[in-house]
Every structure is written in structure tokens, then in C-alpha cells.
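Structure record follows, encoded as C-alpha cells.
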Amino acid sequence: MTQALAADGVRVRAPGKLNLFFEVGGVHEDGYHDVASAYQAVSLYEDVWASPSDEFTVAISGSVDVSGVPADDRNLAVRAARLVAQRIGYSGGVHLDIVKHVPVAGGMGGGSADAAAALVACDALWGAELGSAELHKLASRLGADVPFALMGGTAIGTGRGDQLSPALAKGRFDWVVVPSNAGLSTPEVYAHLDELRARPDIAATRTPAVDPAVLQALRAGDPVALAEHTRNDLQIAALSMRPQLREVLELGEESGALAGLVSGSGPTLAFLTVDPESALELQITLSAAGYEALHVHGPVAGARVVT
């Protein structure tokens, strides 16, 4: 198969995500869980440059600590590039320059955003024109959060989180995000949740489903109503593994946040605010208390070529 190569390379930007609602079902024999999630893509981005190369290589930098990010075939973006090459029968390689701004191992899907960006970038670089449906199939093979990083916006995820349905979200939602210096392993957080649920007072969720009140709040563009129904089943496990996060959650909620929750598997915390001005005030308060605090908003678009 012959492709028309983009001579100078391609730049793609993909967003991090927040789980506005995350319900986790019981564990299956294969170790996976069914989930029901309301995702929102937010304005904290990963940038990936793809340029022609004979081999598959990657370089990683950014405003966050990238020391734990693999720079070999374990990297999800490299795996994404290889999938595209395999799919179209391309015999060459690609060099990926990844510039990260989403916290690493922070529950915001930064690695998934890298993979989504690599899919789009290689598709464009190699002139493959695979189309959205085919890219989403490849994304599903890479991880549960990769299809959403492609889609962006606001969506409901079921199954393992990769069966996506777009959700209407009116207007803009403003968040203050507090990263942590040390990440949490998603598999370890799930495993700890399973351990906690073995206790009689913490039962496993029924077949997971997103609360209809969450969808109503999103459709209405109402952050106050959304705050009343945000939920993350992984939060109890993340807080058990990282108890100091409770202090930050309490400070944020006492300082004007409508709601505070652990993002995904953590340890990043997300605080919903009523408007941009309130987010700025909260960001200043948390920064003054010695925490890194970032003001982001959603929903934003998924992985896109940047010109």
C-alpha cells in the first residue's frame, strides 16, 4: 500500500480527562471491572510531534515529571504508532516527540492522550486516511481511556469504559486540578478497592450505570447540580492508599469549591467551581497553601492536528 507522506512532520494535541462520575462493578475472573463513567475532556493537553524515521523512537519532555514514562516500546504512544503501521502495511517507522502537561499516573489519562495523539499523527503523517471509526477500533485495543481521548467533549463510557456515547454538555465547566508529586498505579487502586469491598460495610456496586441526574446537570450546564451528583468509586481506595489527600480535599471544599473528588484512579484531585472567577480564587487559595493548582475548563475537543 502506498501512502503520501507529510514531509515535515505532524503535530497533534490531545486533552486530559476528568471522571465526573465513576461507578465500578465487581471484579471479573480476568481481573477487569465493568464501569460506568461520565468523562469530560479538559484544557490540559499533551502535544505529540510525529516525524519521518526508519525506526520507531520517542523523546519525552514537558512541564510535569516525566522520569517514570518509558521511552521504548512500553510507551503507549509507540504502541499506537506500531498499530497504525501494522494496519496499513507501512514498513517504515516514526519519531515521536511527546510534550506532556497532564500529570503522569495522575488519573487524568495523560498516557491515553499520548496514544490517541499518536494514532491521529501517524494516520496524517503516512496519509493513511483510516477514518474515525477505524482509529477508534485501534484505540480500543490500546486501553479503555484512549477512545475518549480521541473523541473528546463529554461522553458516557460503559463496559470497561471504552464503549462510548457522546453526552450533551451545555456551556463551560470550570475546574481546579491539584496534581500530586507521586502517581498511583491504576491496577493497584482497583486491587485495593476489591480488598476494601471484601469488608461487610463496603459492598460492590450493582451493574454500574451513570446517575441520570448527572446527565441532566450536564445538559443544563449547571455546575451546582452536577456537584450534588459527582461520584468516584475509586476514591475510597485512593484515599486509603494516600490519606494526606483528604486534607487537600477538605481545604478545597472549605475554600469555595462546589465539590472535590479524586480524578480517576488518582492521586490528582479535581475541584468543580461555579465559574471562571471562582476557579481563579480557589487556585490562588490552594497555591498560597503550598499546593500546585491548575485552572482548567471543559469540555474541549479530542485529539486534533494542530497547524
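Going through the C-alpha cells in order, the chains are called A, B, and so on, while each chain numbers its residues from 1 and the ligands are numbered from 1 in the order shown.
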
Inset, instruction - Please provide as a VMD selection string all residues within 7 Å of range 144-152 of chain A, with the sequence filter that same-chain residues fewer than 2 positions apart are discarded (counting only C-alpha atoms). - result: chain A and resid 14 to 15 41 109 112 to 113 115 to 116 136 139 to 140 142 154 160 to 162 300 to 303

Residue subset to file, keeping N, CA, C and O atoms, as a PDB file, in the first residue's frame:
```pdb
ATOM      1  N   ALA A  14      -3.851  16.487  22.209  1.00  0.00           N
ATOM      2  CA  ALA A  14      -4.932  15.681  22.783  1.00  0.00           C
ATOM      3  C   ALA A  14      -5.121  16.069  24.245  1.00  0.00           C
ATOM      4  O   ALA A  14      -4.148  16.364  24.951  1.00  0.00           O
ATOM      5  N   PRO A  15      -6.364  16.034  24.732  1.00  0.00           N
ATOM      6  CA  PRO A  15      -6.642  16.532  26.081  1.00  0.00           C
ATOM      7  C   PRO A  15      -6.571  15.451  27.158  1.00  0.00           C
ATOM      8  O   PRO A  15      -6.780  14.262  26.902  1.00  0.00           O
ATOM      9  N   ALA A  41     -13.411  15.942  28.692  1.00  0.00           N
ATOM     10  CA  ALA A  41     -12.085  16.376  28.253  1.00  0.00           C
ATOM     11  C   ALA A  41     -11.867  17.812  28.699  1.00  0.00           C
ATOM     12  O   ALA A  41     -12.759  18.653  28.551  1.00  0.00           O
ATOM     13  N   GLY A 109      -5.543  10.469  32.479  1.00  0.00           N
ATOM     14  CA  GLY A 109      -5.440   9.875  31.147  1.00  0.00           C
ATOM     15  C   GLY A 109      -4.375  10.472  30.254  1.00  0.00           C
ATOM     16  O   GLY A 109      -4.540  10.484  29.024  1.00  0.00           O
ATOM     17  N   SER A 112      -3.019   7.901  27.809  1.00  0.00           N
ATOM     18  CA  SER A 112      -4.045   7.616  26.800  1.00  0.00           C
ATOM     19  C   SER A 112      -4.138   8.746  25.787  1.00  0.00           C
ATOM     20  O   SER A 112      -4.339   8.504  24.594  1.00  0.00           O
ATOM     21  N   ALA A 113      -3.982   9.988  26.259  1.00  0.00           N
ATOM     22  CA  ALA A 113      -3.979  11.128  25.338  1.00  0.00           C
ATOM     23  C   ALA A 113      -2.793  11.049  24.383  1.00  0.00           C
ATOM     24  O   ALA A 113      -2.916  11.343  23.188  1.00  0.00           O
ATOM     25  N   ALA A 115      -1.378   8.324  23.339  1.00  0.00           N
ATOM     26  CA  ALA A 115      -1.680   7.264  22.373  1.00  0.00           C
ATOM     27  C   ALA A 115      -2.663   7.744  21.319  1.00  0.00           C
ATOM     28  O   ALA A 115      -2.501   7.481  20.119  1.00  0.00           O
ATOM     29  N   ALA A 116      -3.698   8.462  21.758  1.00  0.00           N
ATOM     30  CA  ALA A 116      -4.674   8.992  20.808  1.00  0.00           C
ATOM     31  C   ALA A 116      -4.019   9.968  19.842  1.00  0.00           C
ATOM     32  O   ALA A 116      -4.278   9.938  18.626  1.00  0.00           O
ATOM     33  N   HIS A 136     -10.856   4.548  16.148  1.00  0.00           N
ATOM     34  CA  HIS A 136     -11.446   4.182  17.436  1.00  0.00           C
ATOM     35  C   HIS A 136     -11.284   2.685  17.712  1.00  0.00           C
ATOM     36  O   HIS A 136     -11.100   2.276  18.865  1.00  0.00           O
ATOM     37  N   ALA A 139      -7.837   2.387  18.903  1.00  0.00           N
ATOM     38  CA  ALA A 139      -7.750   2.982  20.235  1.00  0.00           C
ATOM     39  C   ALA A 139      -8.241   2.013  21.306  1.00  0.00           C
ATOM     40  O   ALA A 139      -7.647   1.899  22.389  1.00  0.00           O
ATOM     41  N   SER A 140      -9.306   1.287  21.012  1.00  0.00           N
ATOM     42  CA  SER A 140      -9.865   0.343  21.984  1.00  0.00           C
ATOM     43  C   SER A 140      -8.891  -0.779  22.311  1.00  0.00           C
ATOM     44  O   SER A 140      -8.933  -1.351  23.407  1.00  0.00           O
ATOM     45  N   LEU A 142      -5.771  -0.366  22.690  1.00  0.00           N
ATOM     46  CA  LEU A 142      -4.670   0.195  23.469  1.00  0.00           C
ATOM     47  C   LEU A 142      -5.023   0.441  24.929  1.00  0.00           C
ATOM     48  O   LEU A 142      -4.152   0.443  25.794  1.00  0.00           O
ATOM     49  N   THR A 154     -17.701  15.526  26.029  1.00  0.00           N
ATOM     50  CA  THR A 154     -18.242  14.851  27.208  1.00  0.00           C
ATOM     51  C   THR A 154     -18.891  13.570  26.718  1.00  0.00           C
ATOM     52  O   THR A 154     -19.554  13.569  25.681  1.00  0.00           O
ATOM     53  N   ARG A 160     -15.789  -1.620  29.841  1.00  0.00           N
ATOM     54  CA  ARG A 160     -14.545  -1.306  30.547  1.00  0.00           C
ATOM     55  C   ARG A 160     -14.202   0.174  30.433  1.00  0.00           C
ATOM     56  O   ARG A 160     -13.081   0.586  30.731  1.00  0.00           O
ATOM     57  N   GLY A 161     -15.178   0.958  30.004  1.00  0.00           N
ATOM     58  CA  GLY A 161     -15.011   2.396  29.867  1.00  0.00           C
ATOM     59  C   GLY A 161     -14.812   2.837  28.440  1.00  0.00           C
ATOM     60  O   GLY A 161     -14.809   4.036  28.154  1.00  0.00           O
ATOM     61  N   ASP A 162     -14.649   1.878  27.518  1.00  0.00           N
ATOM     62  CA  ASP A 162     -14.329   2.218  26.136  1.00  0.00           C
ATOM     63  C   ASP A 162     -15.531   2.165  25.199  1.00  0.00           C
ATOM     64  O   ASP A 162     -15.414   2.464  24.014  1.00  0.00           O
ATOM     65  N   VAL A 300     -13.632  20.154  26.005  1.00  0.00           N
ATOM     66  CA  VAL A 300     -12.805  20.583  24.873  1.00  0.00           C
ATOM     67  C   VAL A 300     -12.738  19.426  23.868  1.00  0.00           C
ATOM     68  O   VAL A 300     -13.141  18.307  24.164  1.00  0.00           O
ATOM     69  N   ALA A 301     -12.240  19.726  22.684  1.00  0.00           N
ATOM     70  CA  ALA A 301     -12.178  18.733  21.608  1.00  0.00           C
ATOM     71  C   ALA A 301     -11.159  17.636  21.908  1.00  0.00           C
ATOM     72  O   ALA A 301     -10.237  17.819  22.701  1.00  0.00           O
ATOM     73  N   GLY A 302     -11.329  16.488  21.247  1.00  0.00           N
ATOM     74  CA  GLY A 302     -10.395  15.381  21.359  1.00  0.00           C
ATOM     75  C   GLY A 302      -9.151  15.609  20.503  1.00  0.00           C
ATOM     76  O   GLY A 302      -8.880  16.735  20.066  1.00  0.00           O
ATOM     77  N   ALA A 303      -8.388  14.538  20.260  1.00  0.00           N
ATOM     78  CA  ALA A 303      -7.116  14.633  19.542  1.00  0.00           C
ATOM     79  C   ALA A 303      -7.319  15.267  18.157  1.00  0.00           C
ATOM     80  O   ALA A 303      -8.149  14.815  17.376  1.00  0.00           O
TER      81      ALA A 303
END
```

Legend entry - Spatial neighbours of range 171-175 of chain A, max dist 12 Å, only C-alpha atoms, sep filter under 2 positions, as a ChimeraX atom specification: /A:17-20,40-44,153-154,168-169,177-178,217-227,252,256-261,263,269-283,293-300

Legend entry - Nearest candidate to Ala124 in chain A (options A:Val58, A:Leu138, A:Ala38, A:Val94; using only C-alpha atoms):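 Between A:Val58, A:Leu138, A:Ala38, A:Val94, the residue approaching Ala124 in chain A most closely is A:Val94.
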
Mind checking which residues fall within 10 Å of Arg206 in chain A, counting only C-alpha atoms, ignoring those fewer than 4 positions away in the same chain, and posting them as a compact mmCIF listing (two decimals) with N, CA and C atoms, in the first residue's frame?
```txt
# COMPACT_ATOMS: atom_id res chain seq x y z
N GLU A 23 -18.57 4.81 38.45
CA GLU A 23 -19.10 3.72 39.24
C GLU A 23 -18.44 2.42 38.78
N VAL A 24 -17.98 1.63 39.73
CA VAL A 24 -17.21 0.43 39.43
C VAL A 24 -17.98 -0.81 39.88
N GLY A 25 -18.16 -1.74 38.96
CA GLY A 25 -18.80 -3.01 39.29
C GLY A 25 -17.83 -3.98 39.93
N GLY A 26 -18.29 -5.20 40.18
CA GLY A 26 -17.44 -6.22 40.77
C GLY A 26 -16.35 -6.68 39.82
```

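The coordinates place CA of Leu239 in chain A at 15.0 Å from CA of Pro187 in chain A.
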
Could you list, with a cut-off of 10 Å and counting only C-alpha atoms, the residues of range 13-61 of chain A near range 73-90 of chain A, each shown with its nearest atom pair and the distance in Å rounded to one decimal, rows sorted by chain and ascending number, as JSON lines?
```
{"residue": "A:Val48", "atom": "CA", "partner": "A:Ala77", "partner_atom": "CA", "distance": 9.0}
{"residue": "A:Ala50", "atom": "CA", "partner": "A:Ala81", "partner_atom": "CA", "distance": 9.3}
{"residue": "A:Phe56", "atom": "CA", "partner": "A:Val78", "partner_atom": "CA", "distance": 6.9}
{"residue": "A:Thr57", "atom": "CA", "partner": "A:Val78", "partner_atom": "CA", "distance": 7.4}
{"residue": "A:Val58", "atom": "CA", "partner": "A:Val78", "partner_atom": "CA", "distance": 7.1}
```

Could you tell me, as a JSON list (two decimals) with N, CA, C and O atoms, in the first residue's frame, which residues of range 25-184 of chain A DSSP assigns to strand (DSSP E or B) when given the backbone?
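Final file, result_18.json:
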```json
[["chain", "number", "residue", "atom", "x", "y", "z"],
["A", 25, "GLY", "N", -18.16, -1.74, 38.96],
["A", 25, "GLY", "CA", -18.80, -3.01, 39.29],
["A", 25, "GLY", "C", -17.83, -3.98, 39.93],
["A", 25, "GLY", "O", -16.66, -3.66, 40.19],
["A", 26, "GLY", "N", -18.29, -5.20, 40.18],
["A", 26, "GLY", "CA", -17.44, -6.22, 40.77],
["A", 26, "GLY", "C", -16.35, -6.68, 39.82],
["A", 26, "GLY", "O", -16.40, -6.45, 38.61],
["A", 27, "VAL", "N", -15.34, -7.35, 40.38],
["A", 27, "VAL", "CA", -14.20, -7.81, 39.58],
["A", 27, "VAL", "C", -14.57, -9.09, 38.84],
["A", 27, "VAL", "O", -15.24, -9.97, 39.38],
["A", 33, "HIS", "N", -12.93, -4.86, 35.58],
["A", 33, "HIS", "CA", -14.20, -4.46, 36.17],
["A", 33, "HIS", "C", -15.06, -3.78, 35.12],
["A", 33, "HIS", "O", -14.54, -3.03, 34.27],
["A", 34, "ASP", "N", -16.36, -4.00, 35.17],
["A", 34, "ASP", "CA", -17.27, -3.16, 34.40],
["A", 34, "ASP", "C", -17.39, -1.82, 35.12],
["A", 34, "ASP", "O", -17.41, -1.76, 36.35],
["A", 35, "VAL", "N", -17.47, -0.74, 34.33],
["A", 35, "VAL", "CA", -17.59, 0.59, 34.91],
["A", 35, "VAL", "C", -18.66, 1.38, 34.16],
["A", 35, "VAL", "O", -19.07, 1.01, 33.05],
["A", 36, "ALA", "N", -19.09, 2.44, 34.79],
["A", 36, "ALA", "CA", -19.93, 3.43, 34.11],
["A", 36, "ALA", "C", -19.36, 4.79, 34.47],
["A", 36, "ALA", "O", -19.23, 5.13, 35.65],
["A", 37, "SER", "N", -18.97, 5.54, 33.46],
["A", 37, "SER", "CA", -18.26, 6.79, 33.70],
["A", 37, "SER", "C", -18.85, 7.93, 32.87],
["A", 37, "SER", "O", -19.29, 7.72, 31.74],
["A", 38, "ALA", "N", -18.85, 9.11, 33.45],
["A", 38, "ALA", "CA", -19.08, 10.33, 32.68],
["A", 38, "ALA", "C", -17.73, 11.03, 32.56],
["A", 38, "ALA", "O", -17.15, 11.46, 33.56],
["A", 39, "TYR", "N", -17.20, 11.06, 31.34],
["A", 39, "TYR", "CA", -15.91, 11.68, 31.07],
["A", 39, "TYR", "C", -16.09, 13.11, 30.58],
["A", 39, "TYR", "O", -17.03, 13.40, 29.85],
["A", 40, "GLN", "N", -15.16, 13.98, 30.95],
["A", 40, "GLN", "CA", -15.09, 15.29, 30.31],
["A", 40, "GLN", "C", -13.65, 15.61, 29.97],
["A", 40, "GLN", "O", -12.76, 15.52, 30.81],
["A", 41, "ALA", "N", -13.41, 15.94, 28.69],
["A", 41, "ALA", "CA", -12.08, 16.38, 28.25],
["A", 41, "ALA", "C", -11.87, 17.81, 28.70],
["A", 41, "ALA", "O", -12.76, 18.65, 28.55],
["A", 42, "VAL", "N", -10.68, 18.08, 29.27],
["A", 42, "VAL", "CA", -10.40, 19.41, 29.82],
["A", 42, "VAL", "C", -9.14, 20.00, 29.21],
["A", 42, "VAL", "O", -8.34, 19.30, 28.58],
["A", 43, "SER", "N", -8.96, 21.31, 29.44],
["A", 43, "SER", "CA", -7.94, 22.10, 28.74],
["A", 43, "SER", "C", -6.55, 21.94, 29.36],
["A", 43, "SER", "O", -5.85, 22.92, 29.62],
["A", 44, "LEU", "N", -6.15, 20.71, 29.57],
["A", 44, "LEU", "CA", -4.77, 20.38, 29.95],
["A", 44, "LEU", "C", -4.33, 19.35, 28.91],
["A", 44, "LEU", "O", -4.91, 18.27, 28.83],
["A", 45, "TYR", "N", -3.32, 19.70, 28.12],
["A", 45, "TYR", "CA", -3.08, 18.97, 26.88],
["A", 45, "TYR", "C", -1.72, 18.27, 26.84],
["A", 45, "TYR", "O", -0.76, 18.68, 27.50],
["A", 46, "GLU", "N", -1.67, 17.24, 25.99],
["A", 46, "GLU", "CA", -0.44, 16.60, 25.57],
["A", 46, "GLU", "C", -0.21, 16.98, 24.10],
["A", 46, "GLU", "O", -1.16, 16.98, 23.31],
["A", 47, "ASP", "N", 1.03, 17.28, 23.74],
["A", 47, "ASP", "CA", 1.38, 17.58, 22.35],
["A", 47, "ASP", "C", 2.32, 16.50, 21.84],
["A", 47, "ASP", "O", 3.31, 16.15, 22.50],
["A", 48, "VAL", "N", 2.01, 15.98, 20.66],
["A", 48, "VAL", "CA", 2.84, 14.94, 20.05],
["A", 48, "VAL", "C", 3.21, 15.36, 18.63],
["A", 48, "VAL", "O", 2.33, 15.67, 17.82],
["A", 49, "TRP", "N", 4.50, 15.41, 18.36],
["A", 49, "TRP", "CA", 5.01, 15.65, 17.01],
["A", 49, "TRP", "C", 5.46, 14.32, 16.42],
["A", 49, "TRP", "O", 6.25, 13.60, 17.04],
["A", 50, "ALA", "N", 4.98, 13.99, 15.26],
["A", 50, "ALA", "CA", 5.39, 12.77, 14.55],
["A", 50, "ALA", "C", 6.18, 13.17, 13.32],
["A", 50, "ALA", "O", 5.70, 13.97, 12.50],
["A", 51, "SER", "N", 7.39, 12.63, 13.17],
["A", 51, "SER", "CA", 8.22, 12.97, 12.02],
["A", 51, "SER", "C", 8.78, 11.68, 11.40],
["A", 51, "SER", "O", 8.93, 10.67, 12.08],
["A", 52, "PRO", "N", 9.07, 11.72, 10.11],
["A", 52, "PRO", "CA", 9.52, 10.51, 9.42],
["A", 52, "PRO", "C", 10.80, 9.94, 10.03],
["A", 52, "PRO", "O", 11.70, 10.67, 10.44],
["A", 53, "SER", "N", 10.87, 8.61, 10.07],
["A", 53, "SER", "CA", 12.04, 7.92, 10.61],
["A", 53, "SER", "C", 12.02, 6.49, 10.08],
["A", 53, "SER", "O", 10.97, 5.96, 9.73],
["A", 56, "PHE", "N", 11.09, 3.18, 15.04],
["A", 56, "PHE", "CA", 10.12, 3.73, 15.99],
["A", 56, "PHE", "C", 10.87, 4.21, 17.23],
["A", 56, "PHE", "O", 11.43, 3.41, 17.99],
["A", 57, "THR", "N", 10.91, 5.54, 17.39],
["A", 57, "THR", "CA", 11.64, 6.13, 18.52],
["A", 57, "THR", "C", 10.76, 7.19, 19.17],
["A", 57, "THR", "O", 9.82, 7.71, 18.56],
["A", 58, "VAL", "N", 11.09, 7.53, 20.43],
["A", 58, "VAL", "CA", 10.29, 8.51, 21.14],
["A", 58, "VAL", "C", 11.19, 9.33, 22.06],
["A", 58, "VAL", "O", 12.15, 8.82, 22.64],
["A", 59, "ALA", "N", 10.89, 10.61, 22.17],
["A", 59, "ALA", "CA", 11.54, 11.51, 23.12],
["A", 59, "ALA", "C", 10.44, 12.19, 23.94],
["A", 59, "ALA", "O", 9.41, 12.58, 23.39],
["A", 60, "ILE", "N", 10.66, 12.31, 25.25],
["A", 60, "ILE", "CA", 9.60, 12.79, 26.14],
["A", 60, "ILE", "C", 10.11, 13.94, 26.98],
["A", 60, "ILE", "O", 11.20, 13.88, 27.57],
["A", 61, "SER", "N", 9.33, 15.02, 27.03],
["A", 61, "SER", "CA", 9.63, 16.17, 27.87],
["A", 61, "SER", "C", 8.30, 16.75, 28.35],
["A", 61, "SER", "O", 7.24, 16.18, 28.09],
["A", 62, "GLY", "N", 8.35, 17.89, 29.04],
["A", 62, "GLY", "CA", 7.10, 18.52, 29.45],
["A", 62, "GLY", "C", 7.22, 19.30, 30.74],
["A", 62, "GLY", "O", 8.30, 19.40, 31.35],
["A", 93, "GLY", "N", 9.19, 3.68, 9.94],
["A", 93, "GLY", "CA", 8.96, 3.97, 11.35],
["A", 93, "GLY", "C", 8.53, 5.41, 11.54],
["A", 93, "GLY", "O", 8.10, 6.08, 10.59],
["A", 94, "VAL", "N", 8.65, 5.90, 12.77],
["A", 94, "VAL", "CA", 8.28, 7.28, 13.08],
["A", 94, "VAL", "C", 9.02, 7.70, 14.34],
["A", 94, "VAL", "O", 9.29, 6.87, 15.22],
["A", 95, "HIS", "N", 9.37, 8.96, 14.40],
["A", 95, "HIS", "CA", 9.91, 9.52, 15.64],
["A", 95, "HIS", "C", 8.83, 10.37, 16.29],
["A", 95, "HIS", "O", 8.25, 11.26, 15.64],
["A", 96, "LEU", "N", 8.54, 10.09, 17.54],
["A", 96, "LEU", "CA", 7.53, 10.83, 18.29],
["A", 96, "LEU", "C", 8.20, 11.72, 19.33],
["A", 96, "LEU", "O", 8.99, 11.24, 20.15],
["A", 97, "ASP", "N", 7.91, 13.02, 19.27],
["A", 97, "ASP", "CA", 8.31, 13.94, 20.33],
["A", 97, "ASP", "C", 7.06, 14.24, 21.15],
["A", 97, "ASP", "O", 6.10, 14.84, 20.64],
["A", 98, "ILE", "N", 7.05, 13.81, 22.42],
["A", 98, "ILE", "CA", 5.89, 13.99, 23.28],
["A", 98, "ILE", "C", 6.20, 15.06, 24.31],
["A", 98, "ILE", "O", 7.21, 14.98, 25.04],
["A", 99, "VAL", "N", 5.36, 16.07, 24.37],
["A", 99, "VAL", "CA", 5.48, 17.13, 25.38],
["A", 99, "VAL", "C", 4.27, 17.02, 26.30],
["A", 99, "VAL", "O", 3.14, 17.28, 25.88],
["A", 100, "LYS", "N", 4.53, 16.64, 27.55],
["A", 100, "LYS", "CA", 3.46, 16.30, 28.48],
["A", 100, "LYS", "C", 3.14, 17.45, 29.44],
["A", 100, "LYS", "O", 4.05, 18.05, 30.02],
["A", 152, "GLY", "N", -13.01, 13.23, 22.77],
["A", 152, "GLY", "CA", -13.10, 14.50, 23.48],
["A", 152, "GLY", "C", -14.52, 14.85, 23.85],
["A", 152, "GLY", "O", -15.43, 14.02, 23.82],
["A", 154, "THR", "N", -17.70, 15.53, 26.03],
["A", 154, "THR", "CA", -18.24, 14.85, 27.21],
["A", 154, "THR", "C", -18.89, 13.57, 26.72],
["A", 154, "THR", "O", -19.55, 13.57, 25.68],
["A", 155, "ALA", "N", -18.69, 12.47, 27.44],
["A", 155, "ALA", "CA", -19.21, 11.19, 26.97],
["A", 155, "ALA", "C", -19.47, 10.27, 28.15],
["A", 155, "ALA", "O", -18.91, 10.43, 29.24],
["A", 156, "ILE", "N", -20.34, 9.31, 27.90],
["A", 156, "ILE", "CA", -20.59, 8.24, 28.85],
["A", 156, "ILE", "C", -19.83, 7.01, 28.38],
["A", 156, "ILE", "O", -19.91, 6.63, 27.21],
["A", 157, "GLY", "N", -19.09, 6.40, 29.29],
["A", 157, "GLY", "CA", -18.35, 5.19, 28.97],
["A", 157, "GLY", "C", -18.86, 4.02, 29.79],
["A", 157, "GLY", "O", -19.04, 4.15, 31.01],
["A", 158, "THR", "N", -19.12, 2.89, 29.13],
["A", 158, "THR", "CA", -19.58, 1.70, 29.83],
["A", 158, "THR", "C", -18.70, 0.52, 29.43],
["A", 158, "THR", "O", -17.73, 0.68, 28.70],
["A", 163, "GLN", "N", -16.70, 1.76, 25.72],
["A", 163, "GLN", "CA", -17.92, 1.80, 24.91],
["A", 163, "GLN", "C", -18.56, 3.16, 25.13],
["A", 163, "GLN", "O", -19.22, 3.40, 26.14],
["A", 164, "LEU", "N", -18.35, 4.06, 24.17],
["A", 164, "LEU", "CA", -18.63, 5.47, 24.38],
["A", 164, "LEU", "C", -19.90, 5.93, 23.69],
["A", 164, "LEU", "O", -20.19, 5.52, 22.57],
["A", 165, "SER", "N", -20.61, 6.81, 24.39],
["A", 165, "SER", "CA", -21.77, 7.51, 23.81],
["A", 165, "SER", "C", -21.60, 8.99, 24.13],
["A", 165, "SER", "O", -21.45, 9.35, 25.30],
["A", 166, "PRO", "N", -21.60, 9.86, 23.10],
["A", 166, "PRO", "CA", -21.46, 11.30, 23.38],
["A", 166, "PRO", "C", -22.59, 11.78, 24.29],
["A", 166, "PRO", "O", -23.73, 11.31, 24.21],
["A", 173, "PHE", "N", -17.63, 24.21, 32.03],
["A", 173, "PHE", "CA", -17.45, 23.82, 33.42],
["A", 173, "PHE", "C", -16.01, 24.12, 33.82],
["A", 173, "PHE", "O", -15.08, 23.74, 33.12],
["A", 174, "ASP", "N", -15.85, 24.82, 34.95],
["A", 174, "ASP", "CA", -14.53, 25.25, 35.40],
["A", 174, "ASP", "C", -14.07, 24.41, 36.58],
["A", 174, "ASP", "O", -14.82, 24.21, 37.55],
["A", 175, "TRP", "N", -12.83, 23.94, 36.49],
["A", 175, "TRP", "CA", -12.25, 23.05, 37.48],
["A", 175, "TRP", "C", -10.90, 23.59, 37.94],
["A", 175, "TRP", "O", -10.19, 24.24, 37.18],
["A", 176, "VAL", "N", -10.56, 23.27, 39.18],
["A", 176, "VAL", "CA", -9.19, 23.48, 39.66],
["A", 176, "VAL", "C", -8.61, 22.10, 39.95],
["A", 176, "VAL", "O", -9.19, 21.32, 40.71],
["A", 177, "VAL", "N", -7.49, 21.81, 39.32],
["A", 177, "VAL", "CA", -6.86, 20.50, 39.42],
["A", 177, "VAL", "C", -5.61, 20.62, 40.28],
["A", 177, "VAL", "O", -4.79, 21.52, 40.08],
["A", 178, "VAL", "N", -5.47, 19.70, 41.24],
["A", 178, "VAL", "CA", -4.29, 19.67, 42.11],
["A", 178, "VAL", "C", -3.54, 18.36, 41.88],
["A", 178, "VAL", "O", -4.00, 17.30, 42.32]]
```

Inset, instruction - Write down as a count of residues only the residues belonging to range 218-304 of chain A that are assigned alpha helix (DSSP H) by DSSP computed on the backbone. - result: 38
